Amino acid sequence: MFELRRRRASGLTFLLALAALSSNCRRAVETASPKATAAAFGPSAPWPKNLDVVLVTIDTLRADAVGFDGNRRVQTPTLDRLASQGIVYEEAHAQNVVTLPSHTNILTGLYPFQHGVRDNSGFKLDPSVPTIASILHDRGCATGAFIGAFPLDSRFGLTRGFDVYDDRYRRGRSTLDFEMAERPGAEVVAAAREWWGKQAGRPRFLWMHLYDCHAPYRPPPPFDERYKDDPYLGEVAGVDAALAPFLEPFLSGTAGPALVIVTSDHGEARGDHGEETHGLFTYEATLHIPLVVWCRGVLPPGRSSEYVRHVDIAPTILAALGAEKPASWPGASLFPPGGGAAPPRPSYFESYSTAFNRGWAPLRGMLVDGEKYIDLPIPELYDLRQDAGETNNLATKKPEELRKLARLVPAGSDFQTADRAAPGSEEVQKLRSLGYLAGSAVRKEKYTEADDPKNLIEVDRRMHDCVDLYQRGKLPEAIAVARDVVRDQPNMPMGYENLAFVLRRAGAADEALAVYRKAVDAGIAGEEIVRQYALALSESGRAPEALRELSRLSGSTDPDTLNALGIAQSDAGQGAAAEKTFRRVLSIDPKNIEAYENLGIVQLRAEDTRAARDSFEKALSFDDQAARAWNGLGVARLRLGEERAAIDAWKKAVEFDPRMFDALFNLGLVAGKNGLRKESREALERFVAEAPPGQYGPDIAKARNLLRELREAGT
């Protein structure tokens with residue numbers, strides 16, 4: 001009698017913080033040519049009527065990582081042609097150094113303290129805030145957005161004004177390793193091109209977001225081979241190639257009149273100032289971004305040394321279309337009325353991610369015409385025109401200059417005014433898989449030099465090391481590093497989350513539960529830790545305890561907390577209550593793949609096999625690579641007597657997630673029963689070799705017995 005492994009309804013993916021970079025990954029770019037001296041540029045001809053607008057944001061693209069900035073190690077022919085025909089702003093700067101708030105700045109024309117989105121997790125743009133898309137939509141434009149990754153998921157509120165908001169990245173993968181919740185730039189561009197063609201005949205506003213340059217760096221062929229020594233630049237070259245099919249008609253003059261703007265949301269540190277990726281500091285490696293503005297026949301080619309900002313992009317688009325910008329927007333068109341040089345553009349910036357997620361000092365500052373002030377417990381002041389690498393802190397040498405810039409920091413931008421909701425589990429998991437930190441830390445009334453991120457860079461490095469060790473399969477070493485972080489930062493909830501994660505992946509469930517319990521008892525456990533603790537209890541067969549812990553979150557309407565509640569209810573034998581809970585999740589988030597998967601498992605337990613099949617198929621309609629859904633669908637098909645179809649489903653599950661051990665075990669069992677002895681042997685051998693013994697011990701023993709039977713049968 002074959003016994004099937006059905007993935008528990010507690011199958012959320014638990015991902016550690018930070019996509020790792022190798023320790024020797026450092027800035028490896030050749031910076032360019034002398035800076036331009038032109039201060040400002042303007043149109044040399046009237047803006048055309050019915051002007052199309054294309055906005056391209058390339059995530060995590062350093063300003064000096066492109067050919068048109070003088071980088072001789074990378075090939076970016078498409079972007080270089082666009083730059084040669086347009087205006088390159090050599091001193092363009094972001095206001096944030098993480099994806100969601102930075103894009104919100106671009107689309108709303110507002111600073112983060114004005115629109116309220118301050119980090120990648122725990123925030124959603126208020127629907128009352130107008131965006132460039134909503135303004136253009138009201139003017140009769142067709143509006144389309146094509147998104148590359150989870151940080152810009154529709155749940156975060158940037159959909160307002162878009163006829164189409166296409167965020168069809170891979171949503172439903174459940175893996176024990178790091179996977180990107182993204183889709184390749186070539187797929188984003190292909191979807192955008194299809195939409196663009198269908199909207200011909202009316203003014204169009206298109207936004208394309210390409211995520212490829214974000215860590216971990218995995219360039220597509222042939223760039224993986226060409227850039228073996230620097231895969232980050234391989235990603236940059238790959239993005240350039242992906243954009244070529246869309247931009248070529250504009251560059252060759254065969255497309256209609258259009259304003260094309262290409263920029264990045266932020267850069268990438270690549271080891272500068274000790275930072276591996278981004279989100280920690282606001283040095284030029286991550287705050288300085290590329291910006292090219294192009295319009296054939298209207299904007300003469302040139303290079304500008306004017307200091308400009310993300311918040312100037314939306315006003316520029318409206319000016320080109322002959323529309324007034326909202327009075328609340330702090331930015332201004334890059335092309336002042338009447339031409340000539342624009343007055344200095346003071347630029348506010350902030351980085352609050354580590355304050356939210358680690359409890360470290362919040363960072364904000366001002367940049368005015370090359371003078372840069374960073375407000376931290378240890379303040380910093382730089383003259384970028386003389387010190388582009390920010391190596392000489394002038395804070396103590398020029399106190400009056402520091403005070404002058406400090407007075408320009410806007411009222412209301414303080415970290416204490418940032419109202420953040422608790423991030424959901426899916427936010428935490430997916431953002432961590434993308435290299436972002438997400439968690440909850442206790443807000444302090446006063447931050448000292450001990451909280452300054454400059455003094456905590458070693459902790460940041462060790463967190464990277466933990467992930468790197470985990471990815472290389474060195475779990476004991478990863479656990480040791482994670483323990484050190486908790487020991488040295490006992491009030492940082494993220495440390496407990498990460499330690500519990502690697503312990504669970506090592507099969508040390510009891511130790512992981514003890515770590516969660518310690519955080520709860522210390523009073524530093526927010527909703528995320530309580531939720532994860534409850535899920536871990538359910539996985540360990542302690543569902544009644546999980547329900548007791550979740551009673552702390554009884555007022556939550558977060559879909560992820562409700563999913564955890566439904567899992568505990570199901571594991572406690574409360575199937576009807578669990579189904580009701582999962583349906584409540586779907587009333588809040590109709591595209592919640594996990595809720596459909598969990599609902600399908602509850603229906604399998606209730607012997608409602610056809611309903612379970614429908615639930616799994618619904619999940620797959622949102623993501624046809626959702627491994628958990630394929631595994632569950634295989635079980636449902638088997639019960640319906642469709643054994644070959646069940647085998648095909650499990651093959652899909654293992655294809656999309658090689659560590660979907662339940663599907664691997666099921667495949668080995670049923671393939672053997674159906675005479676597919678080779679497939680059965682291969683699946684069972686992999687299961688025995690790779691499945692964690694702590695979680696699958698009895699099944700591994702059973703698989704060994706089946707393999708022995710296959711060998712005795714001569715297979």
# chains A, B, ... in the order shown; residues from 1 in each chain; ligands from 1
call {"tool": "select_by_dssp", "arguments": {"residues": "region 45-188 of chain A", "states": "strand (DSSP E)", "output": "MDAnalysis selection string"}}
result
chainID A and resid 52:58 87:93 142:146 164:166
call {"tool": "select_by_dssp", "arguments": {"residues": "region 486-617 of chain A", "states": "alpha helix (DSSP H)", "output": "mmCIF file with C-alpha atoms, in the first residue's frame"}}
result
data_model
loop_
_atom_site.group_PDB
_atom_site.id
_atom_site.type_symbol
_atom_site.label_atom_id
_atom_site.label_comp_id
_atom_site.auth_asym_id
_atom_site.auth_seq_id
_atom_site.Cartn_x
_atom_site.Cartn_y
_atom_site.Cartn_z
ATOM 1 C CA VAL A 486 22.015 37.165 18.586
ATOM 2 C CA ARG A 487 24.593 37.231 21.370
ATOM 3 C CA ASP A 488 25.972 40.608 20.286
ATOM 4 C CA PRO A 493 14.408 40.631 16.539
ATOM 5 C CA MET A 494 15.833 39.883 13.104
ATOM 6 C CA GLY A 495 18.742 38.057 14.689
ATOM 7 C CA TYR A 496 16.337 35.635 16.374
ATOM 8 C CA GLU A 497 14.378 35.168 13.150
ATOM 9 C CA ASN A 498 17.534 34.331 11.199
ATOM 10 C CA LEU A 499 18.901 31.950 13.821
ATOM 11 C CA ALA A 500 15.572 30.137 14.053
ATOM 12 C CA PHE A 501 15.472 29.902 10.272
ATOM 13 C CA VAL A 502 18.860 28.206 9.864
ATOM 14 C CA LEU A 503 18.094 25.901 12.779
ATOM 15 C CA ARG A 504 14.857 24.827 11.103
ATOM 16 C CA ARG A 505 16.646 24.233 7.829
ATOM 17 C CA ALA A 509 13.155 22.132 15.230
ATOM 18 C CA ASP A 510 13.281 22.096 19.039
ATOM 19 C CA GLU A 511 16.213 24.513 19.132
ATOM 20 C CA ALA A 512 14.424 26.811 16.688
ATOM 21 C CA LEU A 513 11.324 26.800 18.862
ATOM 22 C CA ALA A 514 13.473 27.725 21.867
ATOM 23 C CA VAL A 515 14.882 30.701 19.956
ATOM 24 C CA TYR A 516 11.400 31.966 19.092
ATOM 25 C CA ARG A 517 10.320 31.433 22.699
ATOM 26 C CA LYS A 518 13.262 33.464 23.962
ATOM 27 C CA ALA A 519 12.317 36.387 21.721
ATOM 28 C CA VAL A 520 8.699 36.196 22.882
ATOM 29 C CA ASP A 521 9.694 36.056 26.551
ATOM 30 C CA GLU A 527 3.793 39.927 14.740
ATOM 31 C CA GLU A 528 6.280 38.265 12.390
ATOM 32 C CA ILE A 529 8.107 36.282 15.096
ATOM 33 C CA VAL A 530 4.856 35.223 16.782
ATOM 34 C CA ARG A 531 3.497 34.096 13.423
ATOM 35 C CA GLN A 532 6.650 32.158 12.567
ATOM 36 C CA TYR A 533 6.685 30.620 16.048
ATOM 37 C CA ALA A 534 3.120 29.419 15.560
ATOM 38 C CA LEU A 535 3.950 27.955 12.144
ATOM 39 C CA ALA A 536 6.955 26.147 13.602
ATOM 40 C CA LEU A 537 4.774 24.753 16.380
ATOM 41 C CA SER A 538 2.289 23.487 13.783
ATOM 42 C CA GLU A 539 5.109 21.849 11.831
ATOM 43 C CA ALA A 543 -1.054 22.887 16.816
ATOM 44 C CA PRO A 544 -2.934 23.657 20.084
ATOM 45 C CA GLU A 545 0.100 25.607 21.297
ATOM 46 C CA ALA A 546 0.243 27.395 17.956
ATOM 47 C CA LEU A 547 -3.354 28.479 18.386
ATOM 48 C CA ARG A 548 -2.564 29.828 21.845
ATOM 49 C CA GLU A 549 0.339 31.889 20.484
ATOM 50 C CA LEU A 550 -1.786 33.225 17.641
ATOM 51 C CA PRO A 559 -3.491 37.597 5.217
ATOM 52 C CA ASP A 560 -0.277 35.914 6.334
ATOM 53 C CA THR A 561 -1.334 35.829 9.971
ATOM 54 C CA LEU A 562 -4.710 34.468 8.923
ATOM 55 C CA ASN A 563 -2.977 31.804 6.827
ATOM 56 C CA ALA A 564 -0.978 30.807 9.895
ATOM 57 C CA LEU A 565 -4.195 30.654 11.917
ATOM 58 C CA GLY A 566 -5.858 28.449 9.308
ATOM 59 C CA ILE A 567 -2.845 26.134 9.286
ATOM 60 C CA ALA A 568 -2.984 25.728 13.074
ATOM 61 C CA GLN A 569 -6.741 25.145 12.953
ATOM 62 C CA SER A 570 -6.346 22.491 10.287
ATOM 63 C CA ASP A 571 -3.523 20.744 12.130
ATOM 64 C CA GLY A 575 -11.079 21.665 9.329
ATOM 65 C CA ALA A 576 -14.283 23.691 8.958
ATOM 66 C CA ALA A 577 -12.793 26.627 10.870
ATOM 67 C CA ALA A 578 -9.607 26.412 8.791
ATOM 68 C CA GLU A 579 -11.536 26.489 5.516
ATOM 69 C CA LYS A 580 -13.458 29.519 6.724
ATOM 70 C CA THR A 581 -10.190 31.257 7.629
ATOM 71 C CA PHE A 582 -8.589 30.565 4.253
ATOM 72 C CA ARG A 583 -11.665 31.862 2.453
ATOM 73 C CA ARG A 584 -11.387 35.003 4.554
ATOM 74 C CA VAL A 585 -7.813 35.399 3.306
ATOM 75 C CA LEU A 586 -9.062 35.149 -0.263
ATOM 76 C CA SER A 587 -11.706 37.787 0.383
ATOM 77 C CA ILE A 588 -8.865 40.125 1.365
ATOM 78 C CA ILE A 593 -1.623 31.547 -3.828
ATOM 79 C CA GLU A 594 -0.763 30.163 -0.419
ATOM 80 C CA ALA A 595 -4.384 30.418 0.709
ATOM 81 C CA TYR A 596 -5.507 28.371 -2.308
ATOM 82 C CA GLU A 597 -2.786 25.804 -1.612
ATOM 83 C CA ASN A 598 -3.722 25.585 2.055
ATOM 84 C CA LEU A 599 -7.414 25.395 1.191
ATOM 85 C CA GLY A 600 -6.652 22.512 -1.157
ATOM 86 C CA ILE A 601 -4.841 20.635 1.610
ATOM 87 C CA VAL A 602 -7.760 21.136 3.995
ATOM 88 C CA GLN A 603 -10.109 19.835 1.302
ATOM 89 C CA LEU A 604 -7.881 16.791 0.771
ATOM 90 C CA ARG A 605 -8.044 16.079 4.471
ATOM 91 C CA THR A 609 -10.921 15.737 -3.672
ATOM 92 C CA ARG A 610 -12.524 17.550 -6.610
ATOM 93 C CA ALA A 611 -12.709 20.793 -4.646
ATOM 94 C CA ALA A 612 -9.061 20.318 -3.678
ATOM 95 C CA ARG A 613 -8.114 19.807 -7.315
ATOM 96 C CA ASP A 614 -9.910 23.045 -8.209
ATOM 97 C CA SER A 615 -8.116 24.951 -5.440
ATOM 98 C CA PHE A 616 -4.690 23.778 -6.583
ATOM 99 C CA GLU A 617 -5.524 24.593 -10.196
#
call {"tool": "closest_residue", "arguments": {"among": "A:Glu90, A:Ala482, A:Asn455, A:Thr108", "to": "Pro326 (chain A)", "atoms": "only C-alpha atoms"}}
result
A:Thr108
call {"tool": "atom_distance", "arguments": {"atom1": "CA of Asp419 (chain A)", "atom2": "CA of Arg443 (chain A)"}}
result
11.1 Å
call {"tool": "closest_residue", "arguments": {"among": "A:Gly70, A:Asp166, A:Ala192, A:Phe205", "to": "Asp52 (chain A)", "atoms": "only C-alpha atoms"}}
result
A:Phe205
call {"tool": "atom_distance", "arguments": {"atom1": "CA of Val189 (chain A)", "atom2": "CA of Ser102 (chain A)"}}
result
21.1 Å
call {"tool": "closest_residue", "arguments": {"among": "A:Gly42, A:Gly157, A:Pro490, A:Lys404", "to": "Ser333 (chain A)", "atoms": "only C-alpha atoms"}}
result
A:Gly42
call {"tool": "residues_around", "arguments": {"residues": "Ile289 (chain A)", "least_positions_apart": "4", "cutoff": "9 Å", "atoms": "only C-alpha atoms", "output": "PyMOL selection string"}}
result
chain A and resi 60-64+90-94+263-267+284-285
call {"tool": "atom_distance", "arguments": {"atom1": "CA of Gly253 (chain A)", "atom2": "CA of Trp294 (chain A)"}}
result
12.2 Å
call {"tool": "residues_around", "arguments": {"residues": "region 376-393 of chain A", "least_positions_apart": "5", "cutoff": "6 Å", "atoms": "only C-alpha atoms", "output": "NGL selection string"}}
result
:A and (363 or 370-371 or 448-449 or 452)
call {"tool": "write_last_selection", "arguments": {"atoms": "all heavy atoms", "output": "short mmCIF file (atom, residue, chain, number, x, y, z; two decimals), in the first residue's frame"}}
result
data_model
loop_
_atom_site.label_atom_id
_atom_site.label_comp_id
_atom_site.auth_asym_id
_atom_site.auth_seq_id
_atom_site.Cartn_x
_atom_site.Cartn_y
_atom_site.Cartn_z
N LEU A 363 18.74 57.19 9.18
CA LEU A 363 19.66 58.04 8.42
C LEU A 363 18.86 58.92 7.48
O LEU A 363 17.99 58.44 6.75
CB LEU A 363 20.63 57.15 7.64
CG LEU A 363 21.75 57.78 6.82
CD1 LEU A 363 22.81 56.71 6.52
CD2 LEU A 363 21.27 58.38 5.51
N GLY A 370 26.27 69.76 -4.57
CA GLY A 370 27.54 69.09 -4.32
C GLY A 370 27.94 69.00 -2.88
O GLY A 370 28.89 68.28 -2.55
N GLU A 371 27.26 69.70 -2.00
CA GLU A 371 27.54 69.59 -0.57
C GLU A 371 26.54 68.63 0.06
O GLU A 371 25.33 68.80 -0.09
CB GLU A 371 27.46 70.96 0.12
CG GLU A 371 28.55 71.91 -0.33
CD GLU A 371 28.51 73.22 0.44
OE1 GLU A 371 27.39 73.71 0.71
OE2 GLU A 371 29.58 73.74 0.77
N THR A 448 22.20 56.59 19.78
CA THR A 448 23.54 57.03 20.16
C THR A 448 24.55 56.57 19.11
O THR A 448 24.20 55.89 18.13
CB THR A 448 23.92 56.44 21.52
OG1 THR A 448 24.06 55.01 21.39
CG2 THR A 448 22.84 56.74 22.56
N GLU A 449 25.81 56.91 19.36
CA GLU A 449 26.87 56.48 18.44
C GLU A 449 26.94 54.96 18.32
O GLU A 449 27.33 54.43 17.29
CB GLU A 449 28.22 57.05 18.89
CG GLU A 449 28.32 58.56 18.74
CD GLU A 449 29.71 59.08 19.02
OE1 GLU A 449 30.62 58.24 19.27
OE2 GLU A 449 29.91 60.31 18.98
N ASP A 452 24.87 53.92 15.47
CA ASP A 452 25.24 54.42 14.14
C ASP A 452 25.64 53.25 13.25
O ASP A 452 26.49 52.44 13.64
CB ASP A 452 26.39 55.42 14.26
CG ASP A 452 26.62 56.22 12.99
OD1 ASP A 452 26.82 55.59 11.92
OD2 ASP A 452 26.60 57.46 13.05
#
call {"tool": "residues_around", "arguments": {"residues": "Arg204 (chain A)", "least_positions_apart": "2", "cutoff": "9 Å", "atoms": "only C-alpha atoms", "output": "list in words"}}
result
Asn50, Leu51, Asp52, Val53, Val54, Leu136, Gly140, Cys141, Ala142, Thr143, Gly144, Trp196, Gln199, Ala200, Gly201, Arg202 and Leu206 of chain A
call {"tool": "write_last_selection", "arguments": {"atoms": "N, CA, C and O atoms", "output": "PDB file, in the first residue's frame"}}
result
ATOM      1  N   ASN A  50       0.143  64.832 -28.594  1.00  0.00           N
ATOM      2  CA  ASN A  50      -0.030  63.372 -28.467  1.00  0.00           C
ATOM      3  C   ASN A  50       1.304  62.660 -28.247  1.00  0.00           C
ATOM      4  O   ASN A  50       1.571  61.600 -28.821  1.00  0.00           O
ATOM      5  N   LEU A  51       2.115  63.273 -27.412  1.00  0.00           N
ATOM      6  CA  LEU A  51       3.436  62.721 -27.116  1.00  0.00           C
ATOM      7  C   LEU A  51       3.301  61.469 -26.255  1.00  0.00           C
ATOM      8  O   LEU A  51       2.627  61.470 -25.230  1.00  0.00           O
ATOM      9  N   ASP A  52       3.926  60.365 -26.689  1.00  0.00           N
ATOM     10  CA  ASP A  52       4.014  59.174 -25.856  1.00  0.00           C
ATOM     11  C   ASP A  52       5.122  59.366 -24.816  1.00  0.00           C
ATOM     12  O   ASP A  52       6.089  60.106 -25.042  1.00  0.00           O
ATOM     13  N   VAL A  53       4.975  58.684 -23.682  1.00  0.00           N
ATOM     14  CA  VAL A  53       5.976  58.767 -22.616  1.00  0.00           C
ATOM     15  C   VAL A  53       6.370  57.352 -22.208  1.00  0.00           C
ATOM     16  O   VAL A  53       5.503  56.508 -21.941  1.00  0.00           O
ATOM     17  N   VAL A  54       7.673  57.104 -22.167  1.00  0.00           N
ATOM     18  CA  VAL A  54       8.217  55.816 -21.735  1.00  0.00           C
ATOM     19  C   VAL A  54       9.151  56.063 -20.558  1.00  0.00           C
ATOM     20  O   VAL A  54      10.105  56.842 -20.670  1.00  0.00           O
ATOM     21  N   LEU A 136      -2.037  61.269 -15.878  1.00  0.00           N
ATOM     22  CA  LEU A 136      -2.049  61.050 -17.327  1.00  0.00           C
ATOM     23  C   LEU A 136      -3.276  60.257 -17.751  1.00  0.00           C
ATOM     24  O   LEU A 136      -3.834  60.481 -18.836  1.00  0.00           O
ATOM     25  N   GLY A 140      -6.522  61.168 -20.589  1.00  0.00           N
ATOM     26  CA  GLY A 140      -6.856  60.343 -21.744  1.00  0.00           C
ATOM     27  C   GLY A 140      -5.763  59.427 -22.227  1.00  0.00           C
ATOM     28  O   GLY A 140      -5.912  58.792 -23.277  1.00  0.00           O
ATOM     29  N   CYS A 141      -4.664  59.307 -21.488  1.00  0.00           N
ATOM     30  CA  CYS A 141      -3.573  58.421 -21.897  1.00  0.00           C
ATOM     31  C   CYS A 141      -3.907  56.970 -21.568  1.00  0.00           C
ATOM     32  O   CYS A 141      -4.509  56.675 -20.525  1.00  0.00           O
ATOM     33  N   ALA A 142      -3.475  56.071 -22.428  1.00  0.00           N
ATOM     34  CA  ALA A 142      -3.415  54.651 -22.069  1.00  0.00           C
ATOM     35  C   ALA A 142      -2.212  54.479 -21.156  1.00  0.00           C
ATOM     36  O   ALA A 142      -1.127  54.995 -21.440  1.00  0.00           O
ATOM     37  N   THR A 143      -2.395  53.780 -20.054  1.00  0.00           N
ATOM     38  CA  THR A 143      -1.333  53.682 -19.058  1.00  0.00           C
ATOM     39  C   THR A 143      -1.055  52.217 -18.731  1.00  0.00           C
ATOM     40  O   THR A 143      -1.959  51.455 -18.404  1.00  0.00           O
ATOM     41  N   GLY A 144       0.199  51.828 -18.819  1.00  0.00           N
ATOM     42  CA  GLY A 144       0.572  50.444 -18.547  1.00  0.00           C
ATOM     43  C   GLY A 144       1.856  50.366 -17.758  1.00  0.00           C
ATOM     44  O   GLY A 144       2.803  51.117 -18.005  1.00  0.00           O
ATOM     45  N   TRP A 196       2.115  47.866 -25.762  1.00  0.00           N
ATOM     46  CA  TRP A 196       2.390  49.116 -26.487  1.00  0.00           C
ATOM     47  C   TRP A 196       1.786  49.072 -27.890  1.00  0.00           C
ATOM     48  O   TRP A 196       1.134  50.018 -28.329  1.00  0.00           O
ATOM     49  N   GLN A 199      -1.992  49.550 -28.051  1.00  0.00           N
ATOM     50  CA  GLN A 199      -2.526  50.868 -27.687  1.00  0.00           C
ATOM     51  C   GLN A 199      -2.238  51.929 -28.737  1.00  0.00           C
ATOM     52  O   GLN A 199      -2.480  53.122 -28.490  1.00  0.00           O
ATOM     53  N   ALA A 200      -1.726  51.531 -29.884  1.00  0.00           N
ATOM     54  CA  ALA A 200      -1.405  52.504 -30.930  1.00  0.00           C
ATOM     55  C   ALA A 200      -2.649  53.299 -31.300  1.00  0.00           C
ATOM     56  O   ALA A 200      -3.763  52.774 -31.347  1.00  0.00           O
ATOM     57  N   GLY A 201      -2.447  54.599 -31.549  1.00  0.00           N
ATOM     58  CA  GLY A 201      -3.561  55.457 -31.940  1.00  0.00           C
ATOM     59  C   GLY A 201      -4.036  56.376 -30.837  1.00  0.00           C
ATOM     60  O   GLY A 201      -4.865  57.261 -31.071  1.00  0.00           O
ATOM     61  N   ARG A 202      -3.530  56.180 -29.610  1.00  0.00           N
ATOM     62  CA  ARG A 202      -3.854  57.089 -28.520  1.00  0.00           C
ATOM     63  C   ARG A 202      -2.584  57.357 -27.721  1.00  0.00           C
ATOM     64  O   ARG A 202      -1.647  56.561 -27.758  1.00  0.00           O
ATOM     65  N   LEU A 206       3.978  54.411 -20.600  1.00  0.00           N
ATOM     66  CA  LEU A 206       4.463  53.074 -20.279  1.00  0.00           C
ATOM     67  C   LEU A 206       5.573  53.169 -19.247  1.00  0.00           C
ATOM     68  O   LEU A 206       6.509  53.957 -19.386  1.00  0.00           O
TER      69      LEU A 206
END
call {"tool": "residues_around", "arguments": {"residues": "Val260 (chain A)", "least_positions_apart": "3", "cutoff": "10 Å", "atoms": "only C-alpha atoms", "output": "NGL selection string"}}
result
:A and (52-56 or 82 or 86 or 206 or 247 or 250 or 257 or 292-296 or 317)
